[in-house]
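Asks: To start, I am sharing the structure in question, which I have written as structure tokens.
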Amino acid sequence: MSDANVRHGEAVPALEIRQLSFAYGDRRVLDDVSLSVEAGEFVVLLGPNGAGKTTLFSLITRLHDRRQGEIRIGGYDVRRQAVQAHARIGVVFQQPTLDLDLSVAQNLAYHGALHGMGRREAKARALAQLERVGLDDQRRTRVRRLSGGQRRRVEIARGLMHGPRLLLLDEPTVGLDIASRRELVEHAHRLCAEEGVAVLWATHLIDEVRPGDRVVVLHRGKLLADERTEALTARLGVETLGEAFDLLVGDEEAACK
Ligand SMILES: Nc1ncnc2c1ncn2[C@@H]1O[C@H](COP(=O)(O)OP(=O)(O)OP(=O)(O)O)[C@@H](O)[C@H]1O
């Protein structure tokens, strides 16, 4: 299969967004957003509620269209080369999307079928991914019987079954306890380091950002920062990421005082 991962001898970013703007009706919610995620890179998309994170993901996955700008996945344009682009994306949505009454294996088999895999191939790929998240012994368990953290891990396994190079996670830790949240963050970092999967992790929770992470701050549809945590705090002259975040997104509130 020809692949766009290498372009003119150079590695192509897993995700490239250029000058993306979008409005619901006349309400603009993304304003000239440009962002690139390299292969195997972990990037936190940090923004308060309503910043535009879910909308950005909806445009990458083409749940929404009608926008200005360009989006490429592994070099493929999501509009003009939609099939190639979408074969390279895995998504874990904010709202869980597993069928609770089916077993783990059945949920994954369904995903395999949607991606055109034969039963045997789907089974092998599902098993490999379930082993990766430590849930291969639960494959016959009904999803309803799993904990919230286990369900999220099943969704990650499902999202990776078709071998995407970019995994989008939209506030994946909602409703999880602290230990499960930490475990999920660790798991996502391992995916990048060990499998070369690029991860874009959307959250409004500062404690999900680890030292050294690249943080992209989105607020009211605009990118306000895109740098490593240490560079961001140094640039703003503050000690912690929390203070940096308050400075960046709390400006209107501060101005109101
Ligand atoms: N279908 C829609 N129609 C109109 N406005 C919408 C629609 N979906 C979202 N919005 C608005 O667009 C803005 C961005 O919402 P979005 O859900 O993308 O933000 P978010 O950063 O994902 O927030 P959250 O963390 O709460 O999920 C918000 O002001 C929201 O009210």
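Letters A, B, ... mark the chains of the structure tokens in the order given; residue numbers begin at 1 per chain; ligand numbers begin at 1, in order shown.
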Name the residues of range 49-156 of chain A that come out as strand (DSSP E or B) in a backbone DSSP run; write them as a list in words.
Replies: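 The strand (DSSP E or B) subset of range 49-156 of chain A is Gln68, Gly69, Glu70, Ile71, Arg72, Ile73, Tyr76, Asp77, Ile89, Gly90, Val91, Val92, Ser103 and Arg142 of chain A.
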Asks: Taking only C-alpha atoms and all ligand atoms into account, list the residues no farther than 8 Å from ligand 1, as a VMD selection string.
Replies: chain A and resid 24 to 25 27 to 30 47 to 56 94 170 to 171 203 to 204 218 to 221
Asks: Calculate how many Å separate CA of Leu114 in chain A from CA of Leu169 in chain A, rounding to one decimal.
Replies: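 Result for CA of Leu114 in chain A versus CA of Leu169 in chain A: 19.8 Å, one decimal.
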Asks: Find the residues around Asn107 in chain A up to 9 Å (only C-alpha atoms counted), leave out those fewer than 4 positions away in its own chain, and share them as a ChimeraX atom specification.
Replies: /A:98-100,102-103,111-112,143,154,158
Asks: Using only C-alpha atoms, which residues sit within 12 Å of Glu195 in chain A once same-chain residues fewer than 2 positions away are excluded, as a list in words?
Replies: Ala39, Gly40, Glu41, Phe42, Gln129, Arg132, Leu160, Gly163, Pro164, Arg165, Leu166, Leu167, His187, Ala188, His189, Arg190, Leu191, Cys192, Ala193, Val197, Ala198 and Val199 of chain A
Asks: With N, CA and C atoms retained, write the just-selected residues as a PDB file, in the first residue's frame.
Replies:
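Wrote selection.pdb, looks like this:
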ATOM      1  N   ALA A  39       4.490  12.247  14.216  1.00  0.00           N
ATOM      2  CA  ALA A  39       4.313  10.817  14.456  1.00  0.00           C
ATOM      3  C   ALA A  39       4.853  10.478  15.841  1.00  0.00           C
ATOM      4  N   GLY A  40       4.070   9.731  16.621  1.00  0.00           N
ATOM      5  CA  GLY A  40       4.527   9.274  17.934  1.00  0.00           C
ATOM      6  C   GLY A  40       4.549  10.340  19.012  1.00  0.00           C
ATOM      7  N   GLU A  41       3.979  11.500  18.713  1.00  0.00           N
ATOM      8  CA  GLU A  41       4.018  12.589  19.691  1.00  0.00           C
ATOM      9  C   GLU A  41       2.759  12.579  20.563  1.00  0.00           C
ATOM     10  N   PHE A  42       2.920  12.946  21.841  1.00  0.00           N
ATOM     11  CA  PHE A  42       1.784  13.093  22.757  1.00  0.00           C
ATOM     12  C   PHE A  42       1.537  14.583  22.958  1.00  0.00           C
ATOM     13  N   GLN A 129      -4.837  -6.003  20.828  1.00  0.00           N
ATOM     14  CA  GLN A 129      -5.062  -4.709  21.492  1.00  0.00           C
ATOM     15  C   GLN A 129      -5.552  -4.894  22.924  1.00  0.00           C
ATOM     16  N   ARG A 132      -2.705  -5.497  25.048  1.00  0.00           N
ATOM     17  CA  ARG A 132      -1.993  -4.230  25.233  1.00  0.00           C
ATOM     18  C   ARG A 132      -2.565  -3.450  26.422  1.00  0.00           C
ATOM     19  N   LEU A 160      -7.746   1.418  18.347  1.00  0.00           N
ATOM     20  CA  LEU A 160      -6.440   1.117  17.749  1.00  0.00           C
ATOM     21  C   LEU A 160      -6.451  -0.126  16.874  1.00  0.00           C
ATOM     22  N   GLY A 163      -5.187  -0.049  13.331  1.00  0.00           N
ATOM     23  CA  GLY A 163      -3.819   0.423  13.125  1.00  0.00           C
ATOM     24  C   GLY A 163      -3.688   1.886  12.763  1.00  0.00           C
ATOM     25  N   PRO A 164      -4.469   2.785  13.409  1.00  0.00           N
ATOM     26  CA  PRO A 164      -4.344   4.208  13.088  1.00  0.00           C
ATOM     27  C   PRO A 164      -3.000   4.751  13.546  1.00  0.00           C
ATOM     28  N   ARG A 165      -2.586   5.854  12.950  1.00  0.00           N
ATOM     29  CA  ARG A 165      -1.334   6.500  13.367  1.00  0.00           C
ATOM     30  C   ARG A 165      -1.613   7.691  14.265  1.00  0.00           C
ATOM     31  N   LEU A 166      -2.893   8.025  14.399  1.00  0.00           N
ATOM     32  CA  LEU A 166      -3.288   9.160  15.250  1.00  0.00           C
ATOM     33  C   LEU A 166      -4.481   8.734  16.084  1.00  0.00           C
ATOM     34  N   LEU A 167      -4.366   8.909  17.403  1.00  0.00           N
ATOM     35  CA  LEU A 167      -5.482   8.594  18.295  1.00  0.00           C
ATOM     36  C   LEU A 167      -5.980   9.889  18.935  1.00  0.00           C
ATOM     37  N   HIS A 187      -0.965   5.047  30.039  1.00  0.00           N
ATOM     38  CA  HIS A 187      -1.145   4.148  28.900  1.00  0.00           C
ATOM     39  C   HIS A 187      -0.996   4.913  27.576  1.00  0.00           C
ATOM     40  N   ALA A 188      -1.582   6.085  27.516  1.00  0.00           N
ATOM     41  CA  ALA A 188      -1.503   6.877  26.286  1.00  0.00           C
ATOM     42  C   ALA A 188      -0.050   7.260  25.985  1.00  0.00           C
ATOM     43  N   HIS A 189       0.709   7.610  27.016  1.00  0.00           N
ATOM     44  CA  HIS A 189       2.123   7.931  26.805  1.00  0.00           C
ATOM     45  C   HIS A 189       2.892   6.712  26.299  1.00  0.00           C
ATOM     46  N   ARG A 190       2.564   5.547  26.837  1.00  0.00           N
ATOM     47  CA  ARG A 190       3.257   4.328  26.389  1.00  0.00           C
ATOM     48  C   ARG A 190       2.971   4.051  24.915  1.00  0.00           C
ATOM     49  N   LEU A 191       1.719   4.292  24.503  1.00  0.00           N
ATOM     50  CA  LEU A 191       1.356   4.072  23.097  1.00  0.00           C
ATOM     51  C   LEU A 191       2.247   4.888  22.175  1.00  0.00           C
ATOM     52  N   CYS A 192       2.495   6.121  22.576  1.00  0.00           N
ATOM     53  CA  CYS A 192       3.344   6.994  21.761  1.00  0.00           C
ATOM     54  C   CYS A 192       4.762   6.451  21.734  1.00  0.00           C
ATOM     55  N   ALA A 193       5.289   6.164  22.923  1.00  0.00           N
ATOM     56  CA  ALA A 193       6.698   5.781  23.030  1.00  0.00           C
ATOM     57  C   ALA A 193       6.958   4.426  22.384  1.00  0.00           C
ATOM     58  N   VAL A 197       2.358   5.728  17.951  1.00  0.00           N
ATOM     59  CA  VAL A 197       1.053   6.332  17.665  1.00  0.00           C
ATOM     60  C   VAL A 197       1.060   7.770  18.186  1.00  0.00           C
ATOM     61  N   ALA A 198       0.614   8.699  17.375  1.00  0.00           N
ATOM     62  CA  ALA A 198       0.479  10.077  17.848  1.00  0.00           C
ATOM     63  C   ALA A 198      -0.832  10.205  18.609  1.00  0.00           C
ATOM     64  N   VAL A 199      -0.795  10.936  19.726  1.00  0.00           N
ATOM     65  CA  VAL A 199      -1.996  11.072  20.550  1.00  0.00           C
ATOM     66  C   VAL A 199      -2.307  12.551  20.756  1.00  0.00           C
TER      67      VAL A 199
END
